[in-house]
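Printed here is upload_29.cif (mmCIF, C-alpha atoms):
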data_upload
loop_
_atom_site.label_atom_id
_atom_site.label_comp_id
_atom_site.auth_asym_id
_atom_site.auth_seq_id
_atom_site.Cartn_x
_atom_site.Cartn_y
_atom_site.Cartn_z
CA MET A 1 12.91 35.23 13.62
CA LYS A 2 12.99 34.58 17.32
CA ASN A 3 12.09 31.02 18.37
CA LEU A 4 12.46 29.76 14.75
CA LYS A 5 14.89 27.09 15.93
CA HIS A 6 12.45 25.86 18.58
CA VAL A 7 9.54 25.68 16.14
CA PHE A 8 11.69 23.90 13.56
CA THR A 9 13.09 21.38 16.06
CA PHE A 10 9.72 20.66 17.67
CA THR A 11 7.96 20.15 14.32
CA PHE A 12 10.78 18.06 12.84
CA ILE A 13 11.04 15.72 15.83
CA GLN A 14 7.29 15.40 16.00
CA LYS A 15 7.17 14.52 12.30
CA VAL A 16 9.92 11.89 12.24
CA ARG A 17 8.64 10.24 15.41
CA GLN A 18 5.22 9.60 13.98
CA LYS A 19 4.47 5.90 13.69
CA GLY A 20 3.14 6.31 10.17
CA TYR A 21 6.29 8.14 9.04
CA ILE A 22 8.62 5.50 10.48
CA THR A 23 6.55 2.61 9.13
CA ALA A 24 6.29 4.07 5.62
CA THR A 25 9.99 4.95 5.55
CA VAL A 26 11.20 1.50 6.57
CA LEU A 27 8.69 -0.58 4.59
CA LEU A 28 9.14 1.34 1.31
CA ALA A 29 12.93 1.39 1.72
CA VAL A 30 12.96 -2.40 2.07
CA LEU A 31 10.50 -2.77 -0.81
CA PHE A 32 12.55 -0.51 -3.11
CA LEU A 33 15.65 -2.53 -2.27
CA ILE A 34 14.12 -5.97 -2.84
CA LEU A 35 11.63 -5.36 -5.66
CA PRO A 36 14.03 -4.24 -8.46
CA ALA A 37 16.44 -7.08 -7.66
CA ALA A 38 13.63 -9.65 -7.70
CA ILE A 39 12.13 -8.31 -10.94
CA MET A 40 15.54 -8.33 -12.67
CA ALA A 41 16.24 -11.90 -11.54
CA ILE A 42 12.82 -13.08 -12.74
CA ALA A 43 13.05 -11.17 -16.03
CA ASP A 44 16.41 -12.74 -16.79
CA ASN A 45 15.01 -16.24 -16.28
CA VAL A 46 11.79 -15.62 -18.18
CA GLY A 47 12.44 -15.89 -21.90
CA GLU A 48 12.09 -18.18 -24.83
CA ASP A 49 12.07 -21.88 -23.98
CA ALA A 50 15.24 -23.76 -24.81
CA PRO A 51 14.98 -25.70 -28.09
CA PRO A 52 14.36 -29.43 -27.65
CA THR A 53 17.27 -31.83 -27.84
CA VAL A 54 17.43 -33.59 -31.20
CA LYS A 55 17.58 -37.36 -30.66
CA THR A 56 17.77 -38.21 -34.36
CA GLU A 57 20.90 -40.13 -35.31
CA THR A 58 20.00 -41.11 -38.89
CA VAL A 59 18.56 -39.12 -41.75
CA PHE A 60 17.69 -40.84 -45.05
CA VAL A 61 18.20 -38.57 -48.06
CA TYR A 62 16.32 -38.68 -51.35
CA ASP A 63 17.94 -36.25 -53.80
CA SER A 64 16.15 -35.81 -57.14
CA THR A 65 18.49 -33.06 -58.38
CA ASP A 66 21.58 -33.36 -60.57
CA GLY A 67 25.09 -33.62 -59.15
CA ASP A 68 26.69 -35.52 -56.33
CA ALA A 69 27.37 -34.21 -52.83
CA ASP A 70 28.66 -35.41 -49.49
CA TYR A 71 25.71 -34.94 -47.13
CA SER A 72 27.88 -35.65 -44.11
CA LEU A 73 28.81 -31.97 -44.35
CA LEU A 74 25.39 -31.26 -42.82
CA SER A 75 26.63 -32.79 -39.56
CA PRO A 76 29.96 -31.17 -38.67
CA ASP A 77 30.02 -32.95 -35.29
CA LYS A 78 29.28 -36.32 -36.98
CA LYS A 79 26.43 -37.05 -34.58
CA ILE A 80 23.97 -37.64 -37.41
CA THR A 81 24.47 -40.10 -40.25
CA TYR A 82 23.05 -39.23 -43.69
CA GLN A 83 22.18 -42.25 -45.87
CA MET A 84 21.18 -41.95 -49.53
CA ALA A 85 18.05 -43.64 -50.94
CA ASP A 86 17.09 -44.26 -54.58
CA THR A 87 13.45 -43.25 -54.18
CA LEU A 88 11.34 -41.39 -51.66
CA GLU A 89 9.43 -44.59 -50.89
CA ASP A 90 12.67 -46.41 -50.08
CA ALA A 91 13.73 -43.59 -47.78
CA LEU A 92 10.41 -43.61 -45.90
CA LYS A 93 10.43 -47.44 -45.54
CA ALA A 94 14.00 -47.40 -44.23
CA ALA A 95 13.18 -44.60 -41.76
CA GLU A 96 10.27 -46.58 -40.32
CA LYS A 97 12.73 -49.24 -39.12
CA VAL A 98 15.01 -46.77 -37.27
CA PRO A 99 13.82 -44.95 -34.11
CA TYR A 100 13.93 -41.14 -34.36
CA ALA A 101 14.90 -41.35 -38.07
CA LEU A 102 13.85 -38.58 -40.49
CA VAL A 103 13.76 -38.23 -44.26
CA LEU A 104 15.35 -35.34 -46.18
CA GLN A 105 13.80 -34.76 -49.62
CA VAL A 106 15.85 -32.56 -51.94
CA GLU A 107 14.06 -31.15 -54.97
CA LYS A 108 15.01 -28.49 -57.47
CA ASP A 109 13.35 -25.60 -55.70
CA LYS A 110 12.41 -27.18 -52.40
CA LEU A 111 14.05 -28.71 -49.36
CA SER A 112 11.79 -30.79 -47.06
CA LEU A 113 12.45 -32.71 -43.85
CA LEU A 114 9.78 -35.39 -43.52
CA LEU A 115 8.62 -37.01 -40.29
CA PRO A 116 7.68 -40.71 -40.84
CA GLU A 117 4.50 -41.94 -39.17
CA ASN A 118 6.24 -44.41 -36.87
CA SER A 119 9.18 -42.16 -35.95
CA LEU A 120 9.71 -41.39 -32.28
CA ALA A 121 11.05 -37.94 -33.17
CA THR A 122 8.74 -35.00 -32.38
CA LYS A 123 7.69 -32.19 -34.70
CA GLU A 124 9.64 -29.71 -32.58
CA GLU A 125 12.83 -31.76 -32.93
CA ALA A 126 12.31 -31.97 -36.69
CA GLU A 127 11.92 -28.18 -36.89
CA VAL A 128 15.18 -27.65 -35.00
CA LEU A 129 17.08 -30.04 -37.25
CA SER A 130 15.47 -28.54 -40.37
CA ALA A 131 16.78 -25.11 -39.41
CA GLU A 132 20.30 -26.53 -38.98
CA ILE A 133 20.15 -28.29 -42.34
CA LYS A 134 18.98 -25.17 -44.18
CA GLY A 135 21.82 -23.20 -42.63
CA LEU A 136 24.45 -25.68 -43.86
CA PHE A 137 22.84 -26.62 -47.17
CA PRO A 138 24.83 -24.02 -49.19
CA LEU A 139 27.79 -26.39 -48.69
CA ILE A 140 25.87 -29.09 -50.59
CA LEU A 141 24.96 -26.67 -53.35
CA ALA A 142 28.57 -25.58 -53.65
CA GLN A 143 29.67 -29.19 -54.11
CA LYS A 144 27.05 -29.74 -56.78
CA ALA A 145 28.31 -26.63 -58.59
CA GLY A 146 31.89 -27.93 -58.57
CA ILE A 147 33.26 -25.46 -56.02
CA THR A 148 35.99 -26.91 -53.81
CA GLN A 149 36.08 -26.41 -50.08
CA GLU A 150 39.14 -24.15 -50.40
CA GLN A 151 37.32 -21.92 -52.88
CA LEU A 152 34.24 -21.91 -50.68
CA LEU A 153 36.29 -20.83 -47.68
CA GLY A 154 37.74 -18.00 -49.75
CA LEU A 155 34.29 -16.84 -50.75
CA SER A 156 33.05 -16.99 -47.17
CA THR A 157 35.94 -15.02 -45.64
CA PRO A 158 34.33 -12.25 -43.62
CA SER A 159 35.00 -8.75 -44.88
CA GLU A 160 35.08 -5.63 -42.75
CA ILE A 161 33.16 -2.67 -44.07
CA LEU A 162 34.48 0.63 -42.79
CA THR A 163 32.35 3.72 -42.93
CA PRO A 164 34.46 6.52 -41.43
CA SER A 165 31.76 9.09 -42.03
CA GLY A 166 29.27 7.03 -39.99
CA GLU A 167 31.54 6.50 -36.96
CA THR A 168 30.70 8.30 -33.76
CA SER A 169 33.58 9.95 -31.95
CA PRO A 170 33.81 9.90 -28.14
CA GLU A 171 33.02 13.62 -28.12
CA GLU A 172 29.87 13.02 -30.17
CA GLN A 173 28.84 10.16 -27.89
CA SER A 174 29.25 12.39 -24.85
CA GLU A 175 27.22 15.11 -26.51
CA GLN A 176 24.44 12.64 -27.35
CA LEU A 177 24.40 11.39 -23.76
CA ARG A 178 24.30 14.99 -22.52
CA GLN A 179 21.32 15.73 -24.74
CA ILE A 180 19.50 12.63 -23.48
CA ILE A 181 20.11 13.66 -19.88
CA ALA A 182 18.96 17.20 -20.61
CA MET A 183 15.72 15.78 -22.01
CA VAL A 184 15.07 13.09 -19.39
CA ALA A 185 16.27 14.83 -16.21
CA PRO A 186 13.55 17.53 -16.13
CA MET A 187 10.88 14.87 -16.56
CA LEU A 188 12.32 12.84 -13.70
CA VAL A 189 12.52 15.96 -11.56
CA LEU A 190 8.94 16.82 -12.49
CA PHE A 191 7.54 13.48 -11.32
CA LEU A 192 9.77 13.50 -8.23
CA MET A 193 8.59 16.98 -7.28
CA TYR A 194 4.96 16.15 -8.01
CA PHE A 195 5.19 13.09 -5.77
CA MET A 196 6.89 15.03 -2.98
CA VAL A 197 4.48 17.98 -3.19
CA LEU A 198 1.43 15.73 -3.00
CA LEU A 199 2.90 13.77 -0.11
CA TYR A 200 4.46 16.53 1.98
CA GLY A 201 2.32 19.48 0.94
CA GLN A 202 -0.66 17.90 2.65
CA SER A 203 1.51 17.24 5.68
CA THR A 204 2.56 20.90 5.79
CA ALA A 205 -1.05 22.03 5.59
CA ASN A 206 -2.05 19.65 8.38
CA SER A 207 0.79 20.93 10.52
CA ALA A 208 -0.31 24.53 9.90
CA ILE A 209 -3.79 23.95 11.31
CA MET A 210 -2.73 21.67 14.18
CA GLU A 211 -2.70 24.41 16.85
CA LYS A 212 -6.04 25.82 15.68
CA SER A 213 -7.83 22.79 17.08
CA SER A 214 -5.99 22.93 20.42
CA LYS A 215 -6.39 25.20 23.41
CA LEU A 216 -2.83 26.50 23.10
CA MET A 217 -3.57 29.03 20.36
CA ASP A 218 -3.35 32.04 22.69
CA THR A 219 -0.02 30.86 24.06
CA PHE A 220 1.44 30.27 20.61
CA LEU A 221 0.42 33.68 19.31
CA LEU A 222 1.97 35.37 22.35
CA SER A 223 5.28 33.48 22.28
CA VAL A 224 5.87 32.93 18.53
CA LYS A 225 5.12 35.17 15.62
CA PRO A 226 2.90 33.46 13.02
CA GLU A 227 5.46 34.16 10.27
CA THR A 228 8.17 32.45 12.33
CA MET A 229 5.91 29.50 13.10
CA MET A 230 5.01 29.05 9.43
CA LEU A 231 8.65 29.21 8.35
CA GLY A 232 9.70 26.67 10.98
CA LYS A 233 6.89 24.29 10.03
CA VAL A 234 7.63 24.57 6.29
CA PHE A 235 11.34 23.91 6.73
CA ALA A 236 10.83 21.05 9.19
CA THR A 237 8.22 19.26 7.09
CA ALA A 238 10.24 19.73 3.89
CA LEU A 239 13.44 18.46 5.54
CA ALA A 240 11.65 15.36 6.84
CA GLY A 241 10.33 14.76 3.33
CA ILE A 242 13.74 15.24 1.74
CA LEU A 243 15.42 12.78 4.12
CA GLN A 244 12.67 10.22 3.53
CA THR A 245 12.84 10.62 -0.26
CA LEU A 246 16.65 10.38 -0.31
CA LEU A 247 16.46 7.14 1.65
CA TRP A 248 13.89 5.74 -0.80
CA LEU A 249 15.91 6.80 -3.85
CA GLY A 250 19.05 5.31 -2.34
CA SER A 251 17.24 2.03 -1.68
CA LEU A 252 15.87 2.02 -5.23
CA MET A 253 19.30 2.51 -6.78
CA GLY A 254 20.74 -0.08 -4.40
CA GLY A 255 18.01 -2.49 -5.51
CA PHE A 256 18.97 -2.10 -9.17
CA PHE A 257 22.68 -2.65 -8.49
CA LEU A 258 21.87 -5.58 -6.19
CA GLY A 259 19.77 -7.04 -9.00
CA LYS A 260 22.69 -6.57 -11.39
CA GLU A 261 25.01 -8.54 -9.13
CA ILE A 262 22.43 -11.32 -8.66
CA VAL A 263 21.72 -11.62 -12.40
CA LEU A 264 25.41 -11.71 -13.34
CA ALA A 265 26.12 -14.26 -10.60
CA LEU A 266 23.38 -16.55 -11.92
CA ASN A 267 23.99 -15.86 -15.62
CA PRO A 268 27.27 -14.11 -16.55
CA GLU A 269 26.17 -14.07 -20.22
CA SER A 270 22.89 -12.28 -19.50
CA ASP A 271 21.83 -9.72 -22.11
CA LEU A 272 19.22 -8.00 -19.93
CA ALA A 273 18.82 -4.43 -21.20
CA ILE A 274 18.89 -2.85 -17.73
CA LEU A 275 22.42 -4.20 -17.24
CA SER A 276 23.69 -2.09 -20.15
CA ILE A 277 21.98 0.97 -18.71
CA LEU A 278 23.54 0.44 -15.28
CA SER A 279 26.97 -0.12 -16.85
CA SER A 280 26.69 3.09 -18.88
CA MET A 281 26.14 5.09 -15.68
CA LYS A 282 29.91 5.07 -15.21
CA GLU A 283 30.13 7.40 -18.20
CA LEU A 284 27.85 10.00 -16.61
CA GLY A 285 30.84 11.59 -14.90
CA GLU A 286 32.14 12.64 -18.30
CA VAL A 287 28.98 14.55 -19.26
CA ILE A 288 27.70 15.78 -15.88
CA ASP A 289 28.81 19.20 -14.69
CA LEU A 290 29.37 18.57 -10.98
CA PRO A 291 28.99 22.21 -9.81
CA GLY A 292 25.87 22.47 -11.96
CA LEU A 293 24.56 19.21 -10.49
CA ALA A 294 25.11 20.54 -6.97
CA VAL A 295 23.18 23.72 -7.77
CA GLY A 296 20.45 21.65 -9.43
CA LEU A 297 20.02 19.59 -6.25
CA LEU A 298 19.79 22.78 -4.21
CA VAL A 299 17.10 24.01 -6.59
CA ILE A 300 15.12 20.81 -6.01
CA VAL A 301 15.38 21.29 -2.22
CA ALA A 302 14.41 24.96 -2.49
CA GLY A 303 11.55 23.99 -4.79
CA LEU A 304 10.11 21.67 -2.17
CA PHE A 305 10.31 24.50 0.37
CA LEU A 306 8.51 26.73 -2.13
CA TYR A 307 5.60 24.38 -2.71
CA CYS A 308 5.36 23.54 0.99
CA SER A 309 5.00 27.28 1.66
CA LEU A 310 2.08 27.31 -0.79
CA ALA A 311 0.56 24.40 1.10
CA ALA A 312 1.03 26.39 4.30
CA ILE A 313 -1.27 29.07 2.87
CA GLY A 314 -3.93 26.41 2.40
CA GLY A 315 -3.44 25.30 5.99
CA ALA A 316 -3.59 28.89 7.25
CA LEU A 317 -6.90 29.45 5.42
CA ALA A 318 -8.51 26.30 6.82
CA SER A 319 -10.04 26.25 10.28
CA LYS A 320 -10.39 22.46 10.41
CA GLN A 321 -9.15 19.36 8.55
CA GLU A 322 -12.24 19.15 6.36
CA ASP A 323 -11.57 22.62 4.91
CA LEU A 324 -8.28 21.56 3.32
CA ALA A 325 -10.12 20.16 0.31
CA GLN A 326 -11.26 23.72 -0.46
CA THR A 327 -8.13 25.65 0.52
CA ASN A 328 -5.29 23.38 -0.56
CA TYR A 329 -5.86 23.89 -4.27
CA ILE A 330 -3.37 26.75 -4.58
CA PHE A 331 -0.15 24.73 -4.73
CA THR A 332 -1.80 21.97 -6.80
CA LEU A 333 -2.94 24.39 -9.51
CA THR A 334 0.45 26.08 -9.47
CA LEU A 335 2.21 22.77 -9.97
CA VAL A 336 -0.07 21.75 -12.86
CA LEU A 337 0.30 25.11 -14.62
CA SER A 338 4.07 24.98 -14.16
CA PHE A 339 4.07 21.50 -15.66
CA VAL A 340 2.19 22.72 -18.75
CA LEU A 341 4.47 25.73 -19.17
CA SER A 342 7.57 23.55 -18.86
CA LEU A 343 6.38 21.20 -21.60
CA ASP A 344 5.24 23.95 -23.97
CA GLU A 345 7.19 24.12 -27.25
CA GLY A 346 9.80 21.65 -26.07
CA SER A 347 11.07 24.02 -23.38
CA MET A 348 12.50 21.12 -21.40
CA THR A 349 15.11 20.49 -24.07
CA SER A 350 15.53 23.91 -25.66
CA GLY A 351 15.71 25.74 -22.36
CA VAL A 352 13.42 28.78 -22.56
CA LYS A 353 15.27 31.31 -20.39
CA TRP A 354 12.32 32.93 -18.64
CA LEU A 355 11.28 29.57 -17.22
CA TYR A 356 14.51 29.53 -15.21
CA TYR A 357 13.64 32.85 -13.57
CA PHE A 358 10.01 31.99 -12.82
CA PRO A 359 10.41 30.12 -9.49
CA PHE A 360 7.57 27.65 -9.94
CA THR A 361 8.86 26.42 -13.32
CA ALA A 362 12.55 26.79 -12.46
CA ILE A 363 12.44 23.73 -10.22
CA LEU A 364 11.20 21.67 -13.18
CA THR A 365 13.51 22.97 -15.91
CA LEU A 366 16.64 24.28 -14.20
CA PRO A 367 18.09 21.18 -12.43
CA GLY A 368 18.50 19.10 -15.61
CA SER A 369 19.93 21.99 -17.62
CA ALA A 370 22.34 22.97 -14.85
CA ALA A 371 23.52 19.37 -14.44
CA VAL A 372 24.69 19.15 -18.08
CA GLY A 373 26.20 22.64 -18.15
CA ASN A 374 23.56 24.35 -20.30
CA VAL A 375 23.18 27.05 -17.65
CA SER A 376 26.10 28.94 -16.17
CA ILE A 377 26.72 28.64 -12.43
CA PRO A 378 26.14 32.39 -11.71
CA GLU A 379 22.83 32.26 -13.61
CA ALA A 380 21.75 29.10 -11.80
CA LEU A 381 22.64 30.64 -8.42
CA LEU A 382 20.63 33.74 -9.31
CA CYS A 383 17.60 31.58 -10.10
CA LEU A 384 18.12 29.68 -6.83
CA GLY A 385 18.14 32.99 -4.97
CA ILE A 386 14.84 33.98 -6.60
CA ILE A 387 13.28 30.69 -5.47
CA LEU A 388 14.46 31.17 -1.89
CA VAL A 389 13.26 34.80 -1.72
CA THR A 390 9.88 33.76 -3.14
CA THR A 391 9.66 31.00 -0.53
CA VAL A 392 10.27 33.45 2.30
CA ILE A 393 7.73 35.93 0.91
CA ILE A 394 5.03 33.26 0.54
CA THR A 395 5.78 31.94 4.03
CA VAL A 396 5.44 35.42 5.51
CA ILE A 397 2.09 35.81 3.70
CA ALA A 398 1.02 32.43 5.10
CA GLY A 399 1.93 33.69 8.57
CA LYS A 400 -0.14 36.84 8.14
CA ILE A 401 -3.10 34.79 6.91
CA TYR A 402 -2.61 32.44 9.84
CA ARG A 403 -2.79 35.33 12.30
CA LEU A 404 -5.88 36.70 10.56
CA MET A 405 -7.67 33.32 10.51
CA ALA A 406 -6.51 32.08 13.93
CA PHE A 407 -9.92 32.26 15.60
CA TYR A 408 -12.06 32.22 12.48
CA LYS A 409 -14.89 29.68 12.39
CA GLY A 410 -17.01 28.82 9.37
CA ASN A 411 -16.44 28.26 5.67
CA PRO A 412 -13.04 29.41 4.43
CA PRO A 413 -13.20 32.83 2.72
CA LYS A 414 -11.93 33.30 -0.82
CA ILE A 415 -8.25 34.04 -1.17
CA THR A 416 -9.02 37.35 -2.91
CA LYS A 417 -11.02 38.48 0.12
CA ILE A 418 -8.14 37.59 2.42
CA PHE A 419 -5.69 39.68 0.39
CA GLU A 420 -8.09 42.63 0.43
CA ILE A 421 -8.23 42.47 4.22
CA LEU A 422 -4.45 42.20 4.49
CA LYS A 423 -4.04 45.15 2.13
CA THR A 424 -6.43 47.24 4.21
CA LYS A 425 -4.62 46.39 7.48
CA ASN A 426 -1.24 47.40 6.03
CA ARG A 427 -2.43 50.91 5.18
#

Represent the supplied structure as structure tokens.
Amino acid sequence: MKNLKHVFTFTFIQKVRQKGYITATVLLAVLFLILPAAIMAIADNVGEDAPPTVKTETVFVYDSTDGDADYSLLSPDKKITYQMADTLEDALKAAEKVPYALVLQVEKDKLSLLLPENSLATKEEAEVLSAEIKGLFPLILAQKAGITQEQLLGLSTPSEILTPSGETSPEEQSEQLRQIIAMVAPMLVLFLMYFMVLLYGQSTANSAIMEKSSKLMDTFLLSVKPETMMLGKVFATALAGILQTLLWLGSLMGGFFLGKEIVLALNPESDLAILSILSSMKELGEVIDLPGLAVGLLVIVAGLFLYCSLAAIGGALASKQEDLAQTNYIFTLTLVLSFVLSLDEGSMTSGVKWLYYFPFTAILTLPGSAAVGNVSIPEALLCLGIILVTTVIITVIAGKIYRLMAFYKGNPPKITKIFEILKTKNR
């Protein structure tokens, strides 16, 4: 692996110095920091309109039912005066002479709040007051039934219903959270890996064919082995992608926590659902297996190397940029098939063992399971080793294909034909 360090360093520096890489990194990092905070602040302020202020100070009551009652109980703060009327007509006539006055009609099976024609009160205000009256009206009914306030308070004393069998212990809560993480984490890893493969796989393929279009091909082949060059390019491109993605993820998480602080500063009583989710993240330490999480992160890194090595085969097969559309299908098909296998029969939650040992599905299923302790550390390390060995093997194959196709011009040959030629040369 002579000159691997030089190839890696050259490719990495060239990648991170690209104007497009720097621009995308900075702009998306700023966007991921600002956007969640802005959305949370807006979402907290967007809600149901505040109910209108009730300006009514007098309500005329016509009660056609039996029994007497003190209707002042309907206004605990004494802001509204309730005056009795002998008939409904008298109540309506009296209300017409008082601004914002309303009429309460009490019948045997009906309670109505009437809005006189000349009243300055709005329909919305009447609806708000009607809701308040209906909530307090049981007090009036209790008086009519002869129940004293002391007896009514006794009847309304809140009772606590205990259901020991339905309580959830802290251990059960931790287990439920662990199961949720085991179900959600592989899906998050899947989309993260898919995004990274699409973004950086193409970059790896482009890097693989860069020298083919230059006049330095002879020099490269004499000074650096193709296998070494492919390995250096794969590692450099993947590392640049990992650093960029980590920065974006860090900005995204920072945006959510920044939004939390902004929302709570503006509205300490906010009930925004995302605030509960962010607060519950403190409990993740109780259900996450830290050594397993570390191995899971290494699997994600190794998985990106693996798929970038597949993209390097596509780049090695292509003789020019336009050929990538025909040759870069290998890693895409592999990713899609791995996705289907990972979802089959609920394998993401049940943990089908063979998926951990198949490198292309291991990166989708293993990280989440390792993070919650469903896979032992030795087993996870073994699977990680299989991924790394597979990456090296595929990179070496990409190097051999690169050497074979270095000066090839024309339509890219089929991959089966390439392997036949390689097999013949190794005899």

Taking the file as I've supplied it (selection: the PyMOL selection byres ((chain A and resi 59) around 9)), which residues are included? Please answer as a PDB file with C-alpha atoms, in the coordinates of the input.
ATOM      1  CA  THR A  56      17.770 -38.210 -34.360  1.00  0.00           C
ATOM      2  CA  GLU A  57      20.900 -40.130 -35.310  1.00  0.00           C
ATOM      3  CA  THR A  58      20.000 -41.110 -38.890  1.00  0.00           C
ATOM      4  CA  PHE A  60      17.690 -40.840 -45.050  1.00  0.00           C
ATOM      5  CA  VAL A  61      18.200 -38.570 -48.060  1.00  0.00           C
ATOM      6  CA  ILE A  80      23.970 -37.640 -37.410  1.00  0.00           C
ATOM      7  CA  THR A  81      24.470 -40.100 -40.250  1.00  0.00           C
ATOM      8  CA  TYR A  82      23.050 -39.230 -43.690  1.00  0.00           C
ATOM      9  CA  GLN A  83      22.180 -42.250 -45.870  1.00  0.00           C
ATOM     10  CA  MET A  84      21.180 -41.950 -49.530  1.00  0.00           C
ATOM     11  CA  ALA A  91      13.730 -43.590 -47.780  1.00  0.00           C
ATOM     12  CA  ALA A  95      13.180 -44.600 -41.760  1.00  0.00           C
ATOM     13  CA  TYR A 100      13.930 -41.140 -34.360  1.00  0.00           C
ATOM     14  CA  ALA A 101      14.900 -41.350 -38.070  1.00  0.00           C
ATOM     15  CA  LEU A 102      13.850 -38.580 -40.490  1.00  0.00           C
ATOM     16  CA  VAL A 103      13.760 -38.230 -44.260  1.00  0.00           C
ATOM     17  CA  LEU A 104      15.350 -35.340 -46.180  1.00  0.00           C
TER      18      LEU A 104
END

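Closest to Ala37 of chain A among A:Ser251, A:Ser130, A:Thr332, A:Gln105 is A:Ser251, based on only C-alpha atoms.
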
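Note that the spacing between atom CA of Glu420 of chain A and atom CA of Leu404 of chain A amounts to 11.9 Å.
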
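Shell of Ala236 of chain A at 7 Å, with only C-alpha atoms counted and residues fewer than 2 places along the chain excluded, is A:Phe8, A:Thr11, A:Phe12, A:Gly232, A:Lys233, A:Val234, A:Ala238, A:Leu239, A:Ala240.
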
Can you list what the PyMOL selection byres ((chain A and resi 244) around 12) grabs from this structure, as a PyMOL selection string?
chain A and resi 15-16+21-29+196+199-200+237-243+245-251

Which distance in Å separates atom CA of Ile394 of chain A and atom CA of Ala294 of chain A, to one decimal?
24.9 Å

Nearest to Leu258 of chain A, chosen from A:Ala273, A:Thr122, A:Ile386, A:Leu35, with all atoms listed in the file counted in the distances:
A:Leu35

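Distances to Thr53 of chain A were evaluated for A:Ala121, A:Ala94, A:Ile397, A:Leu4 using all atoms listed in the file, and the minimum falls at A:Ala121.
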
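Residues captured in this structure file are Pro51, Pro52, Thr53, Val54, Lys55, Thr56, Tyr100, Leu102, Leu113, Leu114, Leu115, Pro116, Glu117, Ser119, Leu120, Ala121, Thr122, Glu124, Glu125, Ala126, Glu127, Val128, Leu129 and Ser130 of chain A, according to the PyMOL selection byres ((chain A and resi 123) around 12).
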